[in-house]
file input.csv (CSV, C-alpha atoms)
chain,number,residue,atom,x,y,z
U,1,MET,CA,0.0,0.0,0.0
U,2,THR,CA,3.0,2.3,0.1
U,3,THR,CA,4.9,3.7,-2.8
U,4,THR,CA,8.3,5.3,-3.2
U,5,THR,CA,8.4,8.9,-4.1
U,6,ASP,CA,11.0,11.5,-5.1
U,7,LYS,CA,9.0,14.3,-3.5
U,8,PRO,CA,10.3,15.7,-0.2
U,9,LEU,CA,8.5,14.5,2.9
U,10,ARG,CA,6.3,17.0,4.8
U,11,ASN,CA,6.6,16.6,8.6
U,12,GLY,CA,8.3,13.3,7.9
U,13,VAL,CA,5.1,12.0,6.2
U,14,ASP,CA,5.3,10.4,2.8
U,15,THR,CA,2.2,12.2,1.5
U,16,ALA,CA,2.4,10.4,-1.9
U,17,ALA,CA,2.3,7.1,-0.2
U,18,LEU,CA,-0.5,8.3,2.1
U,19,PHE,CA,-2.7,9.4,-0.9
U,20,ALA,CA,-1.8,6.2,-2.8
U,21,THR,CA,-3.0,4.2,0.2
U,22,ILE,CA,-6.3,6.0,0.2
U,23,ASP,CA,-6.7,5.4,-3.5
U,24,ALA,CA,-5.8,1.7,-3.0
U,25,VAL,CA,-8.5,1.4,-0.3
U,26,LYS,CA,-11.0,3.1,-2.6
U,27,GLY,CA,-10.3,0.4,-5.2
U,28,ASP,CA,-10.6,-2.5,-2.8
U,29,PRO,CA,-12.2,-1.8,0.6
U,30,GLU,CA,-11.3,-5.3,1.9
U,31,ILE,CA,-7.7,-4.2,2.4
U,32,ALA,CA,-8.9,-1.7,5.0
U,33,LYS,CA,-9.9,-4.4,7.4
U,34,PHE,CA,-7.3,-4.8,10.1
U,35,ARG,CA,-7.0,-6.9,13.2
U,36,PHE,CA,-4.6,-5.9,15.9
U,37,ARG,CA,-3.4,-8.0,18.8
U,38,ALA,CA,-1.5,-8.0,22.1
U,39,THR,CA,-0.7,-11.1,24.2
U,40,ASN,CA,-0.2,-10.7,27.9
U,41,SER,CA,1.5,-13.1,30.3
U,42,TRP,CA,1.3,-12.9,34.0
U,43,VAL,CA,4.7,-12.7,35.8
U,44,SER,CA,3.9,-12.4,39.5
U,45,GLY,CA,1.6,-10.3,41.6
U,46,THR,CA,0.4,-7.3,39.5
U,47,HIS,CA,3.4,-7.6,37.2
U,48,ASN,CA,2.7,-8.8,33.7
U,49,GLN,CA,4.1,-8.4,30.2
U,50,SER,CA,2.5,-8.0,26.8
U,51,THR,CA,4.0,-8.9,23.5
U,52,ILE,CA,3.1,-7.2,20.3
U,53,TYR,CA,4.3,-8.5,16.9
U,54,GLY,CA,1.7,-9.8,14.5
U,55,PHE,CA,-1.4,-8.3,13.0
U,56,TYR,CA,-3.8,-8.8,10.1
U,57,GLY,CA,-4.3,-6.2,7.4
U,58,ALA,CA,-4.3,-5.7,3.6
U,59,GLU,CA,-5.8,-9.2,3.3
U,60,GLN,CA,-2.8,-11.0,4.9
U,61,GLU,CA,-1.0,-11.8,8.2
U,62,MET,CA,1.8,-9.3,8.7
U,63,LEU,CA,4.6,-8.9,11.2
U,64,HIS,CA,6.1,-5.7,12.7
U,65,GLN,CA,9.8,-5.3,12.1
U,66,ALA,CA,10.4,-6.2,15.8
U,67,THR,CA,8.7,-8.1,18.6
U,68,TRP,CA,8.0,-5.6,21.4
U,69,THR,CA,7.4,-6.4,25.0
U,70,PHE,CA,6.0,-4.1,27.6
U,71,ASP,CA,5.9,-4.6,31.4
U,72,ALA,CA,2.9,-3.4,33.4
U,73,ASP,CA,2.7,-3.3,37.2
U,74,HIS,CA,1.2,-1.3,40.0
U,75,PRO,CA,3.4,1.1,42.0
U,76,ALA,CA,4.3,0.3,45.6
U,77,VAL,CA,1.6,2.6,46.9
U,78,LEU,CA,-0.9,0.2,45.1
U,79,THR,CA,0.8,-2.9,46.4
U,80,GLY,CA,2.8,-3.6,43.3
U,81,GLN,CA,6.6,-3.7,42.6
U,82,ASP,CA,6.6,-0.8,40.0
U,83,ASN,CA,8.1,-2.9,37.3
U,84,GLY,CA,6.4,-0.8,34.7
U,85,PRO,CA,3.6,1.7,34.2
U,86,THR,CA,0.0,0.9,35.3
U,87,PRO,CA,-2.3,-0.4,32.6
U,88,ALA,CA,-4.3,2.9,33.0
U,89,GLU,CA,-1.2,4.9,32.1
U,90,TYR,CA,-0.7,2.8,29.0
U,91,LEU,CA,-4.3,3.7,28.0
U,92,LEU,CA,-3.4,7.4,28.3
U,93,HIS,CA,-0.3,6.9,26.3
U,94,ALA,CA,-2.4,5.1,23.6
U,95,LEU,CA,-4.7,8.1,23.4
U,96,ALA,CA,-1.9,10.6,23.2
U,97,ALA,CA,0.0,8.6,20.6
U,98,CYS,CA,-3.1,8.2,18.4
U,99,LEU,CA,-3.9,11.9,18.4
U,100,VAL,CA,-0.3,12.9,17.6
U,101,SER,CA,0.1,10.3,14.8
U,102,GLY,CA,-3.1,11.3,13.2
U,103,LEU,CA,-2.3,15.0,13.6
U,104,ALA,CA,1.0,14.6,11.7
U,105,ASN,CA,-0.7,12.8,8.8
U,106,ILE,CA,-3.5,15.3,8.6
U,107,ALA,CA,-1.1,18.3,8.7
U,108,ALA,CA,1.0,16.8,5.9
U,109,ALA,CA,-2.0,16.1,3.8
U,110,ARG,CA,-3.1,19.7,4.2
U,111,ASN,CA,0.4,21.2,3.6
U,112,VAL,CA,0.6,22.4,7.1
U,113,THR,CA,4.1,22.4,8.5
U,114,LEU,CA,4.7,21.3,12.1
U,115,THR,CA,7.8,22.1,14.1
U,116,GLU,CA,6.7,20.8,17.5
U,117,VAL,CA,3.8,18.7,18.9
U,118,THR,CA,3.4,17.6,22.5
U,119,ALA,CA,0.3,16.2,24.1
U,120,THR,CA,0.0,15.6,27.8
U,121,VAL,CA,-2.9,13.3,28.8
U,122,GLU,CA,-4.2,13.2,32.4
U,123,GLY,CA,-6.9,11.0,33.8
U,124,ASP,CA,-8.7,11.2,37.1
U,125,ILE,CA,-9.6,7.9,38.8
U,126,ASP,CA,-11.1,7.3,42.3
U,127,LEU,CA,-10.0,3.9,43.5
U,128,LEU,CA,-13.0,3.5,45.6
U,129,GLY,CA,-14.5,1.9,42.5
U,130,ILE,CA,-12.0,-0.8,41.8
U,131,LEU,CA,-11.5,-1.5,45.5
U,132,GLY,CA,-15.2,-2.3,45.7
U,133,LEU,CA,-15.7,0.4,48.4
U,134,SER,CA,-18.4,2.4,46.6
U,135,ASP,CA,-21.2,1.5,44.3
U,136,GLU,CA,-21.4,5.1,43.1
U,137,VAL,CA,-17.8,5.4,41.9
U,138,ARG,CA,-17.0,3.9,38.5
U,139,ASN,CA,-13.9,1.6,38.0
U,140,GLY,CA,-12.3,3.6,35.3
U,141,PHE,CA,-11.3,7.2,34.7
U,142,GLU,CA,-14.0,9.7,35.5
U,143,GLN,CA,-12.5,12.2,33.0
U,144,ILE,CA,-9.5,12.6,30.8
U,145,ARG,CA,-7.9,15.8,29.7
U,146,VAL,CA,-5.6,16.3,26.8
U,147,ALA,CA,-3.3,19.4,26.6
U,148,PHE,CA,-1.7,20.0,23.2
U,149,THR,CA,1.1,22.3,22.4
U,150,VAL,CA,1.5,22.7,18.6
U,151,ARG,CA,4.0,24.9,16.8
U,152,GLY,CA,4.5,25.5,13.1
U,153,ASP,CA,2.1,27.2,10.7
U,154,ASP,CA,-0.4,29.8,11.9
U,155,ALA,CA,-2.4,29.1,14.9
U,156,ASP,CA,-5.8,28.7,13.2
U,157,LYS,CA,-4.5,26.1,10.8
U,158,LEU,CA,-2.9,24.2,13.6
U,159,LYS,CA,-6.1,24.2,15.7
U,160,GLU,CA,-8.0,22.9,12.7
U,161,VAL,CA,-5.5,20.0,12.3
U,162,VAL,CA,-5.9,19.1,16.0
U,163,GLU,CA,-9.7,19.1,15.6
U,164,GLN,CA,-9.5,16.9,12.6
U,165,SER,CA,-7.2,14.5,14.4
U,166,ARG,CA,-9.8,14.3,17.2
U,167,GLN,CA,-12.5,13.5,14.7
U,168,ARG,CA,-10.5,10.8,13.0
U,169,SER,CA,-8.7,9.1,16.0
U,170,ALA,CA,-9.3,5.4,16.5
U,171,VAL,CA,-8.3,5.5,20.2
U,172,PHE,CA,-10.3,8.7,20.9
U,173,ASP,CA,-13.3,7.0,19.4
U,174,VAL,CA,-12.9,3.9,21.5
U,175,ILE,CA,-12.3,5.8,24.8
U,176,THR,CA,-15.1,8.3,24.3
U,177,ASN,CA,-17.7,6.1,22.8
U,178,GLY,CA,-16.9,2.6,24.1
U,179,VAL,CA,-16.6,-0.7,22.3
U,180,PRO,CA,-18.1,-4.1,23.1
U,181,VAL,CA,-15.5,-6.5,24.6
U,182,SER,CA,-16.1,-10.2,24.8
U,183,ILE,CA,-14.2,-12.5,27.1
U,184,GLU,CA,-13.6,-16.2,26.7
U,185,VAL,CA,-11.9,-18.3,29.4
U,186,ASP,CA,-10.0,-21.6,29.2
U,187,ALA,CA,-9.7,-22.4,32.9
U,188,GLY,CA,-8.4,-25.5,34.7
Z,189,MET,CA,-0.3,2.4,52.0
Z,190,THR,CA,1.8,-0.7,52.0
Z,191,THR,CA,3.0,-2.6,55.0
Z,192,THR,CA,5.6,-5.3,55.4
Z,193,THR,CA,4.5,-8.8,56.4
Z,194,ASP,CA,6.1,-12.1,57.4
Z,195,LYS,CA,3.3,-14.0,55.7
Z,196,PRO,CA,4.2,-15.8,52.5
Z,197,LEU,CA,3.0,-14.1,49.3
Z,198,ARG,CA,0.2,-15.7,47.3
Z,199,ASN,CA,0.7,-15.5,43.5
Z,200,GLY,CA,3.3,-12.9,44.3
Z,201,VAL,CA,0.7,-10.6,45.9
Z,202,ASP,CA,1.3,-9.2,49.4
Z,203,THR,CA,-2.3,-9.8,50.6
Z,204,ALA,CA,-1.6,-8.2,54.0
Z,205,ALA,CA,-0.6,-5.0,52.2
Z,206,LEU,CA,-3.6,-5.3,49.9
Z,207,PHE,CA,-6.0,-5.6,52.8
Z,208,ALA,CA,-4.2,-2.8,54.7
Z,209,THR,CA,-4.6,-0.6,51.7
Z,210,ILE,CA,-8.3,-1.2,51.6
Z,211,ASP,CA,-8.5,-0.5,55.3
Z,212,ALA,CA,-6.5,2.7,54.9
Z,213,VAL,CA,-8.9,3.9,52.1
Z,214,LYS,CA,-11.9,3.1,54.2
Z,215,GLY,CA,-10.4,5.4,56.9
Z,216,ASP,CA,-9.6,8.2,54.5
Z,217,PRO,CA,-11.3,8.1,51.1
Z,218,GLU,CA,-9.3,11.1,49.9
Z,219,ILE,CA,-6.2,8.8,49.5
Z,220,ALA,CA,-8.1,6.9,46.8
Z,221,LYS,CA,-8.1,9.8,44.4
Z,222,PHE,CA,-5.4,9.2,41.8
Z,223,ARG,CA,-4.4,11.2,38.7
Z,224,PHE,CA,-2.3,9.4,36.1
Z,225,ARG,CA,-0.4,11.0,33.2
Z,226,ALA,CA,1.4,10.4,30.0
Z,227,THR,CA,3.3,13.1,27.9
Z,228,ASN,CA,3.7,12.4,24.2
Z,229,SER,CA,6.1,14.2,21.9
Z,230,TRP,CA,6.0,14.0,18.1
Z,231,VAL,CA,9.2,12.7,16.5
Z,232,SER,CA,8.5,12.6,12.7
Z,233,GLY,CA,5.6,11.4,10.6
Z,234,THR,CA,3.5,9.0,12.6
Z,235,HIS,CA,6.4,8.3,15.0
Z,236,ASN,CA,6.0,9.7,18.5
Z,237,GLN,CA,7.1,8.9,22.0
Z,238,SER,CA,5.4,9.0,25.3
Z,239,THR,CA,7.0,9.4,28.7
Z,240,ILE,CA,5.5,8.1,31.9
Z,241,TYR,CA,7.0,8.9,35.3
Z,242,GLY,CA,4.9,11.0,37.7
Z,243,PHE,CA,1.4,10.6,39.1
Z,244,TYR,CA,-0.8,11.9,41.9
Z,245,GLY,CA,-2.2,9.6,44.6
Z,246,ALA,CA,-2.5,9.2,48.3
Z,247,GLU,CA,-2.8,13.0,48.6
Z,248,GLN,CA,0.7,13.7,47.1
Z,249,GLU,CA,2.7,13.8,43.9
Z,250,MET,CA,4.6,10.6,43.4
Z,251,LEU,CA,7.2,9.2,41.0
Z,252,HIS,CA,7.6,5.8,39.5
Z,253,GLN,CA,10.9,4.2,40.2
Z,254,ALA,CA,12.0,4.8,36.6
Z,255,THR,CA,11.1,7.1,33.7
Z,256,TRP,CA,9.7,5.0,31.0
Z,257,THR,CA,9.5,6.0,27.3
Z,258,PHE,CA,7.4,4.2,24.6
Z,259,ASP,CA,7.6,4.7,20.9
Z,260,ALA,CA,4.5,4.5,18.8
Z,261,ASP,CA,4.3,4.5,15.0
Z,262,HIS,CA,2.4,3.1,12.1
Z,263,PRO,CA,3.7,0.1,10.2
Z,264,ALA,CA,5.0,0.5,6.6
Z,265,VAL,CA,1.7,-0.8,5.2
Z,266,LEU,CA,0.0,2.3,6.9
Z,267,THR,CA,2.7,4.7,5.7
Z,268,GLY,CA,4.7,4.7,8.9
Z,269,GLN,CA,8.3,3.6,9.7
Z,270,ASP,CA,7.3,0.9,12.2
Z,271,ASN,CA,9.4,2.4,15.1
Z,272,GLY,CA,6.9,0.9,17.6
Z,273,PRO,CA,3.4,-0.5,17.9
Z,274,THR,CA,0.4,1.4,16.7
Z,275,PRO,CA,-1.5,3.4,19.4
Z,276,ALA,CA,-4.4,1.0,18.9
Z,277,GLU,CA,-2.2,-2.0,19.9
Z,278,TYR,CA,-1.1,-0.1,23.0
Z,279,LEU,CA,-4.8,0.2,23.9
Z,280,LEU,CA,-5.2,-3.6,23.6
Z,281,HIS,CA,-2.1,-4.1,25.8
Z,282,ALA,CA,-3.6,-1.8,28.4
Z,283,LEU,CA,-6.8,-3.8,28.5
Z,284,ALA,CA,-4.9,-7.1,28.7
Z,285,ALA,CA,-2.6,-5.9,31.5
Z,286,CYS,CA,-5.4,-4.4,33.5
Z,287,LEU,CA,-7.4,-7.6,33.5
Z,288,VAL,CA,-4.4,-9.7,34.4
Z,289,SER,CA,-3.2,-7.4,37.2
Z,290,GLY,CA,-6.6,-7.4,38.7
Z,291,LEU,CA,-7.0,-11.1,38.4
Z,292,ALA,CA,-3.8,-11.7,40.3
Z,293,ASN,CA,-4.9,-9.5,43.2
Z,294,ILE,CA,-8.4,-11.0,43.3
Z,295,ALA,CA,-7.1,-14.5,43.2
Z,296,ALA,CA,-4.7,-13.8,46.1
Z,297,ALA,CA,-7.5,-12.2,48.1
Z,298,ARG,CA,-9.6,-15.3,47.6
Z,299,ASN,CA,-6.8,-17.7,48.4
Z,300,VAL,CA,-6.9,-19.0,44.8
Z,301,THR,CA,-3.6,-20.2,43.5
Z,302,LEU,CA,-2.5,-19.3,40.0
Z,303,THR,CA,0.2,-21.1,38.0
Z,304,GLU,CA,-0.3,-19.5,34.6
Z,305,VAL,CA,-2.3,-16.7,33.2
Z,306,THR,CA,-2.3,-15.4,29.6
Z,307,ALA,CA,-4.7,-13.1,27.9
Z,308,THR,CA,-4.7,-12.5,24.1
Z,309,VAL,CA,-6.6,-9.4,23.1
Z,310,GLU,CA,-7.7,-8.9,19.5
Z,311,GLY,CA,-9.5,-5.9,18.0
Z,312,ASP,CA,-11.2,-5.5,14.6
Z,313,ILE,CA,-10.9,-2.2,12.9
Z,314,ASP,CA,-12.0,-1.1,9.4
Z,315,LEU,CA,-9.8,1.8,8.3
Z,316,LEU,CA,-12.5,3.1,6.0
Z,317,GLY,CA,-13.5,5.1,9.1
Z,318,ILE,CA,-10.2,6.9,10.0
Z,319,LEU,CA,-9.4,7.3,6.3
Z,320,GLY,CA,-12.6,9.3,5.9
Z,321,LEU,CA,-13.9,7.0,3.2
Z,322,SER,CA,-17.2,5.9,4.9
Z,323,ASP,CA,-19.6,7.7,7.1
Z,324,GLU,CA,-21.0,4.4,8.3
Z,325,VAL,CA,-17.7,2.9,9.6
Z,326,ARG,CA,-16.5,4.1,13.0
Z,327,ASN,CA,-13.0,5.2,13.6
Z,328,GLY,CA,-12.1,2.8,16.4
Z,329,PHE,CA,-12.4,-0.9,17.0
Z,330,GLU,CA,-15.7,-2.4,16.1
Z,331,GLN,CA,-15.2,-5.2,18.6
Z,332,ILE,CA,-12.6,-6.5,20.9
Z,333,ARG,CA,-12.1,-10.1,22.0
Z,334,VAL,CA,-10.2,-11.3,25.1
Z,335,ALA,CA,-9.1,-15.0,25.3
Z,336,PHE,CA,-7.9,-16.1,28.7
Z,337,THR,CA,-5.9,-19.2,29.6
Z,338,VAL,CA,-5.8,-19.6,33.4
Z,339,ARG,CA,-4.2,-22.5,35.2
Z,340,GLY,CA,-4.0,-23.2,39.0
Z,341,ASP,CA,-6.9,-24.1,41.2
Z,342,ASP,CA,-10.1,-25.7,40.0
Z,343,ALA,CA,-11.7,-24.3,36.9
Z,344,ASP,CA,-14.8,-22.9,38.5
Z,345,LYS,CA,-12.8,-20.8,41.0
Z,346,LEU,CA,-10.6,-19.6,38.2
Z,347,LYS,CA,-13.5,-18.6,36.1
Z,348,GLU,CA,-15.0,-16.6,39.0
Z,349,VAL,CA,-11.8,-14.8,39.5
Z,350,VAL,CA,-11.7,-13.8,35.8
Z,351,GLU,CA,-15.3,-12.6,36.0
Z,352,GLN,CA,-14.5,-10.5,39.1
Z,353,SER,CA,-11.5,-9.1,37.3
Z,354,ARG,CA,-13.8,-8.0,34.5
Z,355,GLN,CA,-16.2,-6.4,37.0
Z,356,ARG,CA,-13.4,-4.4,38.7
Z,357,SER,CA,-11.1,-3.5,35.8
Z,358,ALA,CA,-10.4,0.2,35.3
Z,359,VAL,CA,-9.4,-0.2,31.6
Z,360,PHE,CA,-12.3,-2.6,30.8
Z,361,ASP,CA,-14.7,0.0,32.2
Z,362,VAL,CA,-13.2,2.8,30.1
Z,363,ILE,CA,-13.2,0.8,26.9
Z,364,THR,CA,-16.6,-0.6,27.2
Z,365,ASN,CA,-18.4,2.4,28.7
Z,366,GLY,CA,-16.5,5.3,27.4
Z,367,VAL,CA,-15.1,8.4,29.2
Z,368,PRO,CA,-15.4,12.1,28.5
Z,369,VAL,CA,-12.2,13.5,27.0
Z,370,SER,CA,-11.6,17.2,26.8
Z,371,ILE,CA,-8.9,18.7,24.6
Z,372,GLU,CA,-7.1,22.1,25.0
Z,373,VAL,CA,-4.8,23.5,22.4
Z,374,ASP,CA,-2.0,25.9,22.7
Z,375,ALA,CA,-1.2,26.6,19.0
Z,376,GLY,CA,1.0,29.0,17.2
call {"tool": "encode", "arguments": {"input": "input.csv", "output": "structure tokens"}}
result
Amino acid sequence: MTTTTDKPLRNGVDTAALFATIDAVKGDPEIAKFRFRATNSWVSGTHNQSTIYGFYGAEQEMLHQATWTFDADHPAVLTGQDNGPTPAEYLLHALAACLVSGLANIAAARNVTLTEVTATVEGDIDLLGILGLSDEVRNGFEQIRVAFTVRGDDADKLKEVVEQSRQRSAVFDVITNGVPVSIEVDAG
Amino acid sequence: MTTTTDKPLRNGVDTAALFATIDAVKGDPEIAKFRFRATNSWVSGTHNQSTIYGFYGAEQEMLHQATWTFDADHPAVLTGQDNGPTPAEYLLHALAACLVSGLANIAAARNVTLTEVTATVEGDIDLLGILGLSDEVRNGFEQIRVAFTVRGDDADKLKEVVEQSRQRSAVFDVITNGVPVSIEVDAG
């Protein structure tokens, strides 16, 4: 779905490849169906590790260029060993990364130059929920805030690019609108 | 909120500390209010990097024992350089890790022994949404499936522990029910 190009990259985005991908999908919508995966293995206590390497897309099984592993744990204050971020922090990272990746693509497609983008994502959670101490407090974040700093072209163009990124972010959609999750268990 | 104990750990969980934490929160619900963060910086194209180190909890600013950074990118087939997993894959990892961390705590609290836990999380996404090629396809995952393998005590106890983990998972709640996300932009 990518092509080579002699044109210079904008914001590090190969816009020719980006538009070629969109054209390819228009010609065959099946190649747009992707399936992503992560496999997590328990280590000890609240410490566990996920592996990410294979996914399905463009009508075939594909592999990332590397196999990545990520440790998750609780900090000591939450009775863990702090071997990695909490799962909830990884969720905030996923949201930040999705908005920033999309922003870079959208800016390039609109000929908007970026010089700096940072996004700080913060989520408020009251542990009375997951500790089972209140029926009125939810388990997850009660609210999430994203603070963007974007530098480059004029402010209005940059704000429009952020807004379009919000409107086309996969993770923003999942986190704000929710997704059905089914669970199967092989126990014994 | 943690205490030392001479009792052996179950599943690597310090259950005495876990119950002490719950008692401490009962005595002062303010200490249960946490605020987690991730800060993401754009690198180039769809490549960006999040940093996780500080959080608020137990009525104070706290630091993890290390500063962690995580690269996110798109694979070549999605016009990226594959410098890290996609943001959507990090979201799946967050869900898997949250369910497994909670499961280990719950099993320990119930005196259920674990010998092995793995959770494979898979999400279906149709990129017609984020590419702006269909108004009927959502941007995010259409559905997510979790497949658990749990070994240890008898199957019924293990299944109950998985079910309780689902009922008390912060990330499962966020992903299935959604959370309001606000965005502020400093552009220029």
call {"tool": "closest_residue", "arguments": {"input": "input.csv", "among": "U:Val77, U:Trp42, U:Glu30, U:Ala155", "to": "Leu291 of chain Z", "atoms": "all atoms listed in the file"}}
result
U:Trp42
call {"tool": "residues_around", "arguments": {"input": "input.csv", "residues": "Asp173 of chain U", "least_positions_apart": "2", "cutoff": "12 Å", "atoms": "all atoms listed in the file", "output": "mmCIF file with C-alpha atoms, keeping the file's coordinate frame"}}
result
data_model
loop_
_atom_site.group_PDB
_atom_site.id
_atom_site.type_symbol
_atom_site.label_atom_id
_atom_site.label_comp_id
_atom_site.auth_asym_id
_atom_site.auth_seq_id
_atom_site.Cartn_x
_atom_site.Cartn_y
_atom_site.Cartn_z
ATOM 1 C CA ALA U 94 -2.400 5.100 23.600
ATOM 2 C CA LEU U 95 -4.700 8.100 23.400
ATOM 3 C CA CYS U 98 -3.100 8.200 18.400
ATOM 4 C CA LEU U 99 -3.900 11.900 18.400
ATOM 5 C CA SER U 165 -7.200 14.500 14.400
ATOM 6 C CA ARG U 166 -9.800 14.300 17.200
ATOM 7 C CA GLN U 167 -12.500 13.500 14.700
ATOM 8 C CA ARG U 168 -10.500 10.800 13.000
ATOM 9 C CA SER U 169 -8.700 9.100 16.000
ATOM 10 C CA ALA U 170 -9.300 5.400 16.500
ATOM 11 C CA VAL U 171 -8.300 5.500 20.200
ATOM 12 C CA ILE U 175 -12.300 5.800 24.800
ATOM 13 C CA THR U 176 -15.100 8.300 24.300
ATOM 14 C CA ASN U 177 -17.700 6.100 22.800
ATOM 15 C CA GLY U 178 -16.900 2.600 24.100
ATOM 16 C CA VAL U 179 -16.600 -0.700 22.300
ATOM 17 C CA ALA Z 276 -4.400 1.000 18.900
ATOM 18 C CA LEU Z 279 -4.800 0.200 23.900
ATOM 19 C CA ILE Z 313 -10.900 -2.200 12.900
ATOM 20 C CA GLY Z 317 -13.500 5.100 9.100
ATOM 21 C CA ILE Z 318 -10.200 6.900 10.000
ATOM 22 C CA VAL Z 325 -17.700 2.900 9.600
ATOM 23 C CA ARG Z 326 -16.500 4.100 13.000
ATOM 24 C CA ASN Z 327 -13.000 5.200 13.600
ATOM 25 C CA GLY Z 328 -12.100 2.800 16.400
ATOM 26 C CA PHE Z 329 -12.400 -0.900 17.000
ATOM 27 C CA GLU Z 330 -15.700 -2.400 16.100
ATOM 28 C CA VAL Z 362 -13.200 2.800 30.100
ATOM 29 C CA ILE Z 363 -13.200 0.800 26.900
ATOM 30 C CA THR Z 364 -16.600 -0.600 27.200
ATOM 31 C CA ASN Z 365 -18.400 2.400 28.700
ATOM 32 C CA GLY Z 366 -16.500 5.300 27.400
ATOM 33 C CA VAL Z 367 -15.100 8.400 29.200
ATOM 34 C CA PRO Z 368 -15.400 12.100 28.500
ATOM 35 C CA VAL Z 369 -12.200 13.500 27.000
#
call {"tool": "atom_distance", "arguments": {"input": "input.csv", "atom1": "atom CA of Leu127 of chain U", "atom2": "atom CA of Glu249 of chain Z"}}
result
16.1 Å
call {"tool": "residues_near_point", "arguments": {"input": "input.csv", "point": "(-5.7, 21.8, 25.1)", "cutoff": "8 Å", "atoms": "all atoms listed in the file", "output": "MDAnalysis selection string"}}
result
(chainID U and resid 145:149) or (chainID Z and resid 370:374)
call {"tool": "write_last_selection", "arguments": {"input": "input.csv", "atoms": "C-alpha atoms", "output": "compact mmCIF listing (two decimals), keeping the file's coordinate frame"}}
result
# COMPACT_ATOMS: atom_id res chain seq x y z
CA ARG U 145 -7.90 15.80 29.70
CA VAL U 146 -5.60 16.30 26.80
CA ALA U 147 -3.30 19.40 26.60
CA PHE U 148 -1.70 20.00 23.20
CA THR U 149 1.10 22.30 22.40
CA SER Z 370 -11.60 17.20 26.80
CA ILE Z 371 -8.90 18.70 24.60
CA GLU Z 372 -7.10 22.10 25.00
CA VAL Z 373 -4.80 23.50 22.40
CA ASP Z 374 -2.00 25.90 22.70
call {"tool": "closest_residue", "arguments": {"input": "input.csv", "among": "U:Glu160, U:Glu59, U:Gly54, U:Val121", "to": "chain Z", "atoms": "all atoms listed in the file"}}
result
U:Val121
call {"tool": "atom_distance", "arguments": {"input": "input.csv", "atom1": "atom CA of Gly320 of chain Z", "atom2": "atom CA of Tyr53 of chain U"}}
result
26.9 Å
call {"tool": "closest_residue", "arguments": {"input": "input.csv", "among": "U:Ala187, U:Val100, U:Leu131, U:Ala109", "to": "Leu78 of chain U", "atoms": "only C-alpha atoms"}}
result
U:Leu131
call {"tool": "residues_near_point", "arguments": {"input": "input.csv", "point": "(0.4, -22.3, 38.2)", "cutoff": "6 Å", "atoms": "all atoms listed in the file", "output": "PyMOL selection string"}}
result
chain Z and resi 302-304+339-340
call {"tool": "residues_around", "arguments": {"input": "input.csv", "residues": "Asn48 of chain U", "least_positions_apart": "2", "cutoff": "8 Å", "atoms": "all atoms listed in the file", "output": "number ranges by chain"}}
result
U: 40-44, 46, 50, 71-73; Z: 285, 288-289
call {"tool": "atom_distance", "arguments": {"input": "input.csv", "atom1": "atom CA of Tyr90 of chain U", "atom2": "atom CA of Asp126 of chain U"}}
result
17.5 Å
call {"tool": "closest_residue", "arguments": {"input": "input.csv", "among": "Z:Ser322, Z:Gln352, Z:Asn293, Z:Thr308", "to": "Leu197 of chain Z", "atoms": "all atoms listed in the file"}}
result
Z:Asn293
call {"tool": "closest_residue", "arguments": {"input": "input.csv", "among": "U:Gly45, U:Pro75, U:Gly12, U:Pro87", "to": "Val305 of chain Z", "atoms": "only C-alpha atoms"}}
result
U:Gly45
call {"tool": "closest_residue", "arguments": {"input": "input.csv", "among": "Z:Lys345, Z:Gly268, Z:Arg223, Z:Phe258", "to": "chain U", "atoms": "only C-alpha atoms"}}
result
Z:Arg223
call {"tool": "residues_around", "arguments": {"input": "input.csv", "residues": "Ala295 of chain Z", "least_positions_apart": "6", "cutoff": "9 Å", "atoms": "all atoms listed in the file", "output": "JSON, numbers by chain"}}
result
{"Z": [198, 199, 301, 302, 345, 346, 349, 350]}
call {"tool": "build_atoms", "arguments": {"input": "input.csv", "residues": "segment 40-47 of chain U", "atoms": "N, CA and C atoms", "output": "mmCIF file, in the frame of the given file"}}
result
data_model
loop_
_atom_site.group_PDB
_atom_site.id
_atom_site.type_symbol
_atom_site.label_atom_id
_atom_site.label_comp_id
_atom_site.auth_asym_id
_atom_site.auth_seq_id
_atom_site.Cartn_x
_atom_site.Cartn_y
_atom_site.Cartn_z
ATOM 1 N N ASN U 40 -0.746 -10.998 26.574
ATOM 2 C CA ASN U 40 -0.200 -10.700 27.900
ATOM 3 C C ASN U 40 0.016 -11.929 28.716
ATOM 4 N N SER U 41 1.168 -12.000 29.385
ATOM 5 C CA SER U 41 1.500 -13.100 30.300
ATOM 6 C C SER U 41 1.721 -12.618 31.679
ATOM 7 N N TRP U 42 1.081 -13.243 32.632
ATOM 8 C CA TRP U 42 1.300 -12.900 34.000
ATOM 9 C C TRP U 42 2.678 -13.296 34.478
ATOM 10 N N VAL U 43 3.348 -12.412 35.223
ATOM 11 C CA VAL U 43 4.700 -12.700 35.800
ATOM 12 C C VAL U 43 4.556 -13.065 37.235
ATOM 13 N N SER U 44 4.138 -12.118 38.060
ATOM 14 C CA SER U 44 3.900 -12.400 39.500
ATOM 15 C C SER U 44 3.224 -11.143 40.080
ATOM 16 N N GLY U 45 2.294 -11.391 40.986
ATOM 17 C CA GLY U 45 1.600 -10.300 41.600
ATOM 18 C C GLY U 45 0.882 -9.457 40.470
ATOM 19 N N THR U 46 0.982 -8.146 40.567
ATOM 20 C CA THR U 46 0.400 -7.300 39.500
ATOM 21 C C THR U 46 1.291 -7.054 38.349
ATOM 22 N N HIS U 47 2.436 -7.715 38.327
ATOM 23 C CA HIS U 47 3.400 -7.600 37.200
ATOM 24 C C HIS U 47 3.065 -8.544 36.096
#
